[in-house]
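Read the structure below first, then the notes.
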Amino acid sequence: MAEASYPPELLYHPEHDWARIDGDVATFGITWHAQDALGDIVYFDAPAIGAQVSQNDPYTEVESVKAVSDVYAPLSGEVIEVNDRLADKPELVNEDPYGDGWLVKIRLADAGEAGGLLERDAYVATLE
Amino acid sequence: MAAATASATPLRHTSLYERHVALGARMVPFAGWEMPVQYEGVIAEHNAVRSAAGVFDVSHMGEIETSGPEALALLQRLLSNDLSKIELGGAQYSVLCREDGGVLDDCFTYRLGPERYLTVTNAANHEQDLGWFIAHRDSHDVEIRNRADDYAMLAVQGPIAREIVQAIANAPLPNRMRVEARVVDGIEALVCGTGYTGEDGVELLIAPDDAPAVWDALVRRGARPAGLAARDTLRTEVCYHLYGNDLSSDHGPIEAGLGWCCKEDTGFIGAEAVRAARSNPPAEQLVPFKLTERGVARPGDRVLGGGVVTSGTFSPSLEIGIGLVYLPRERSAIGSEFEIDVRGKVRRGIVAERPLYRRA
């Protein structure tokens, strides 16, 4: 995706991760800014199903041609699904970071944590 | 403090800076210059060079012209190769060594006239190289000129690179490892049959003010703008050294695998140290490697039991992690397996044949 975009319905973590909350499940991914800064992504090390992730802690890595980066959990919970398509097509993270390039889904441990995340405009302000 | 120091010396811009910005390139500091690291994406740029043609702005590279009756004698003293073997219009690779054999730079030297040579230096080393040339001039009857500000440099590389340049050139292009003056798109250029990608192609030395028009003509004819990131993946696949990574004053040319460009009988500075290293091989040897599992080893990653990665990247052509590594000599043979600590994870690698990538 060539043009920067930050959907308003998502919540953002300052380490350039996003979360989409749907009931007690949240989908995580990295933001347009993160994938743009990394460049072409070549590996995503998916965590195991059942793994526990903690808000503000790294839970996996994404690796691009030029660099490797920790991926931070915007919220705490248990991994219930990982994006298996990324094993063969890690470039989906670049092409569609908020859609087909999602990383994991978790069952939320504490819905209250969402209050610690940034709304779109506040996140975008951190990029300037 | 580091930021304050960095801002004290503003980054230099090549004459193509406006082109890079207009193309949306990501600009990064590199050896005192602000250079394009990528435009659309490193993999697309890499593949364009492997399958068609790419154009790189390498105007940050420096040039030193050495001319006069004793130009050859001085260059024989400074550079490791046998400069007397360069015919008129020829090119040669060599290293610049200290007395102890430590490598100060690696350079291409072109013979432009019977007594006129142009040495292309790495941007980060140019001022030091120039000082080294002048300091060792002694009584040689030569003129040493800093030509770094006189030349922009465009590398046009890939299987159709020559076709693209030929279409706007006034005469046949020089062969590999040759240099000729030509008119390219109406501009006087030194056309060099050299490159840093493992593909055929040419490098153009032109006046900086002329570079944007030539760049435009090359891009219009299908050369894809390519940045430093693709330059790095391309050169790593063919195992070309990068000064500052694989070469430094801490290493001699023998352990770096550059003994082939050292001709000790010419008596260059460092020849005795190189001769000694040849007969009594150093403890480590630089060799190419591939990872045999997922992951990418990066420069600075340590080999378990000794050794360090100096170049490491994902190879877009091979789709695995590759690089160059200094390994203990007894474990550096092709096929030797080893383990690298990659950010706390152990990744397995194997010493591979050079080059890592060869056209199918």
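Here, A, B, ... name the chains of the structure tokens in the order displayed, residue numbers run from 1 inside each chain, and ligands are numbered from 1 in the same displayed order.
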Q | Contact set, chain A to chain B: 8 Å, only C-alpha atoms, as a list in words | A |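 Matching residues, ligands excluded from the count: Gly39, Asp40, Val42, Tyr43, Glu63, Ser64, Val65 and Lys66 of chain A.
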Give me a file of those residues, with C-alpha atoms, as an mmCIF file, in the first residue's frame.
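See part-v4.cif below for the written result:
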data_model
loop_
_atom_site.group_PDB
_atom_site.id
_atom_site.type_symbol
_atom_site.label_atom_id
_atom_site.label_comp_id
_atom_site.auth_asym_id
_atom_site.auth_seq_id
_atom_site.Cartn_x
_atom_site.Cartn_y
_atom_site.Cartn_z
ATOM 1 C CA GLY A 39 10.322 -2.205 3.994
ATOM 2 C CA ASP A 40 9.678 -5.547 2.298
ATOM 3 C CA VAL A 42 10.147 -11.558 4.486
ATOM 4 C CA TYR A 43 9.412 -13.446 7.709
ATOM 5 C CA GLU A 63 11.795 -9.423 9.642
ATOM 6 C CA SER A 64 12.300 -7.376 6.510
ATOM 7 C CA VAL A 65 15.122 -7.516 3.993
ATOM 8 C CA LYS A 66 16.934 -4.772 5.871
#
Q) If you count only C-alpha atoms, which residues fall within 12 Å of A:Glu3, apart from same-chain ones fewer than 6 positions away, as a VMD selection string? A) (chain A and resid 32 to 33 35 to 36 94 to 97) or (chain B and resid 24 40)
Q: Would you return as a count of residues only the members of chain A that DSSP assigns to strand (DSSP E or B) on this structure's backbone?
A: 45
**Q.** stretch 106-119 of chain B surroundings by only C-alpha atoms, 8 Å radius, close-in-sequence under 3 positions cut, as number ranges by chain
**A.** B: 63-72, 86-96, 103, 122, 178-180, 243
Next, write the just-selected residues to a file, as a compact mmCIF listing (two decimals), in the first residue's frame, keeping N, CA and C atoms as the atom set.
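Okay, again16.txt is ready:
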# COMPACT_ATOMS: atom_id res chain seq x y z
N GLU B 63 36.64 10.38 -6.17
CA GLU B 63 37.58 10.11 -7.25
C GLU B 63 38.88 10.86 -6.98
N ILE B 64 39.99 10.17 -7.21
CA ILE B 64 41.31 10.80 -7.11
C ILE B 64 42.02 10.59 -8.44
N GLU B 65 42.47 11.69 -9.05
CA GLU B 65 43.19 11.56 -10.31
C GLU B 65 44.69 11.69 -10.03
N THR B 66 45.43 10.73 -10.55
CA THR B 66 46.89 10.74 -10.39
C THR B 66 47.50 10.78 -11.79
N SER B 67 48.29 11.82 -12.06
CA SER B 67 48.83 11.94 -13.42
C SER B 67 50.27 12.41 -13.37
N GLY B 68 50.97 12.18 -14.45
CA GLY B 68 52.36 12.62 -14.54
C GLY B 68 53.29 11.45 -14.81
N PRO B 69 54.55 11.77 -15.08
CA PRO B 69 55.52 10.75 -15.49
C PRO B 69 55.67 9.62 -14.47
N GLU B 70 55.46 9.91 -13.18
CA GLU B 70 55.64 8.86 -12.17
C GLU B 70 54.32 8.45 -11.52
N ALA B 71 53.24 8.68 -12.24
CA ALA B 71 51.92 8.28 -11.71
C ALA B 71 51.87 6.78 -11.47
N LEU B 72 52.35 6.02 -12.44
CA LEU B 72 52.33 4.56 -12.29
C LEU B 72 53.18 4.14 -11.09
N ILE B 86 47.48 -2.56 -16.26
CA ILE B 86 46.30 -1.86 -16.79
C ILE B 86 46.66 -1.23 -18.13
N GLU B 87 46.03 -1.71 -19.18
CA GLU B 87 46.25 -1.10 -20.49
C GLU B 87 45.53 0.23 -20.56
N LEU B 88 45.86 1.01 -21.57
CA LEU B 88 45.14 2.26 -21.80
C LEU B 88 43.65 1.93 -21.93
N GLY B 89 42.80 2.62 -21.16
CA GLY B 89 41.37 2.33 -21.21
C GLY B 89 40.98 1.10 -20.42
N GLY B 90 41.87 0.67 -19.54
CA GLY B 90 41.57 -0.51 -18.74
C GLY B 90 41.16 -0.13 -17.32
N ALA B 91 40.72 -1.13 -16.55
CA ALA B 91 40.28 -0.93 -15.17
C ALA B 91 40.84 -2.06 -14.32
N GLN B 92 41.00 -1.78 -13.03
CA GLN B 92 41.55 -2.79 -12.14
C GLN B 92 41.08 -2.53 -10.70
N TYR B 93 40.83 -3.63 -9.99
CA TYR B 93 40.42 -3.56 -8.58
C TYR B 93 41.66 -3.78 -7.71
N SER B 94 41.72 -3.09 -6.59
CA SER B 94 42.83 -3.29 -5.66
C SER B 94 42.42 -2.78 -4.28
N VAL B 95 43.28 -3.04 -3.31
CA VAL B 95 43.07 -2.46 -1.98
C VAL B 95 44.22 -1.52 -1.66
N LEU B 96 43.93 -0.60 -0.77
CA LEU B 96 44.91 0.36 -0.26
C LEU B 96 45.23 -0.12 1.15
N VAL B 103 43.54 -2.95 5.84
CA VAL B 103 42.98 -2.38 4.60
C VAL B 103 42.35 -1.02 4.90
N ASN B 122 35.71 4.82 -1.77
CA ASN B 122 34.47 4.80 -1.00
C ASN B 122 34.28 6.15 -0.32
N ARG B 178 36.67 -2.10 -18.96
CA ARG B 178 37.26 -1.11 -19.85
C ARG B 178 36.57 0.23 -19.59
N VAL B 179 37.25 1.32 -19.95
CA VAL B 179 36.67 2.65 -19.80
C VAL B 179 36.90 3.43 -21.09
N GLU B 180 35.88 4.17 -21.54
CA GLU B 180 36.00 5.00 -22.74
C GLU B 180 35.22 6.28 -22.53
N TYR B 243 33.33 -2.11 2.19
CA TYR B 243 34.25 -1.54 3.16
C TYR B 243 33.47 -1.04 4.37
Q) Could you name the residues that touch B:Arg235 at 12 Å or less, counting only C-alpha atoms, but leaving out those on the same chain fewer than 2 positions away, as a ChimeraX atom specification? A) /B:46,49-50,157,195-199,228-233,237-242,246,288,311-313,315-317,322-324,354-358
Q. Which residues, written as a list of chain:residue names, have at least one atom at most 10 Å from B:His13, with only C-alpha atoms counted and residues fewer than 3 positions away on the same chain left out?
A.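 Residues meeting the cut-off are B:Pro10, B:Leu16, B:Tyr17, B:Glu18, B:Gly32, B:Trp33, B:Glu34, B:Met35, B:Ser59, B:His60.
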Give me a file of those residues, with C-alpha atoms, as a PDB file, in the first residue's frame.
ATOM      1  CA  PRO B  10      25.110  18.862   7.449  1.00  0.00           C
ATOM      2  CA  LEU B  16      20.175  13.947  -8.122  1.00  0.00           C
ATOM      3  CA  TYR B  17      18.714  14.702  -4.687  1.00  0.00           C
ATOM      4  CA  GLU B  18      15.624  16.431  -6.131  1.00  0.00           C
ATOM      5  CA  GLY B  32      28.094  11.948   5.271  1.00  0.00           C
ATOM      6  CA  TRP B  33      25.599  12.012   2.414  1.00  0.00           C
ATOM      7  CA  GLU B  34      21.821  11.840   2.338  1.00  0.00           C
ATOM      8  CA  MET B  35      21.188   8.976  -0.055  1.00  0.00           C
ATOM      9  CA  SER B  59      27.670  10.050  -6.777  1.00  0.00           C
ATOM     10  CA  HIS B  60      28.798   9.887  -3.154  1.00  0.00           C
TER      11      HIS B  60
END
Q | Proximity to B:His20 - best of B:Ala169, B:Leu234, B:Met61, B:Ala226, only C-alpha atoms | A | B:Ala226
Q | Nearest residue to A:Glu81 from the set A:Asp22, A:Val104, A:Val93, A:Pro8 (distances using only C-alpha atoms) | A | A:Val104
Q) Quick one, how far is atom CA of A:Ser54 from atom CA of B:Ile340? A) 28.8 Å
Q: Excluding A:Ile49 and any residue of its chain fewer than 5 positions from it, enumerate the residues within 8 Å of it, using only C-alpha atoms, and give them as a VMD selection string.
A: chain A and resid 78 to 82
Q.
Just list as a ChimeraX atom specification whatever in stretch 117-200 of chain B DSSP marks as alpha helix (DSSP H).
A. /B:126-135,161-166
**Q.** Selection: 8 Å around A:Leu75, only C-alpha atoms, excl. self and same-chain fewer than 3 positions, as a list of chain:residue names
**A.** A:Ala19, A:Val53, A:Ser54, A:Gln55, A:Asn56, A:Leu108, A:Glu113, A:Ala114
Q. Using only C-alpha atoms, which residue out of B:Phe133, B:Trp215, B:Tyr326, B:Tyr151 lies closest to B:Leu75?
A. B:Phe133
(Q) With distances taken over only C-alpha atoms, which residue among B:Gly306, B:Gly193, B:Leu291, B:Trp132 lies nearest B:Glu337? (A) B:Leu291
Q: Go ahead and compute the interatomic distance for atom CA of A:Val124 and atom CA of A:Ala73, in Å to one decimal.
A: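 That distance, rounded to one decimal, is 18.5 Å.
Put simply, atom CA of B:Gly267 is 21.5 Å away from atom CA of B:Val120.
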Q: Find the residue from B:Phe268, B:Phe338, B:Phe289, B:Phe30 that sits nearest to B:Ala124; use only C-alpha atoms when measuring.
A: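 Nearest to B:Ala124: B:Phe30.
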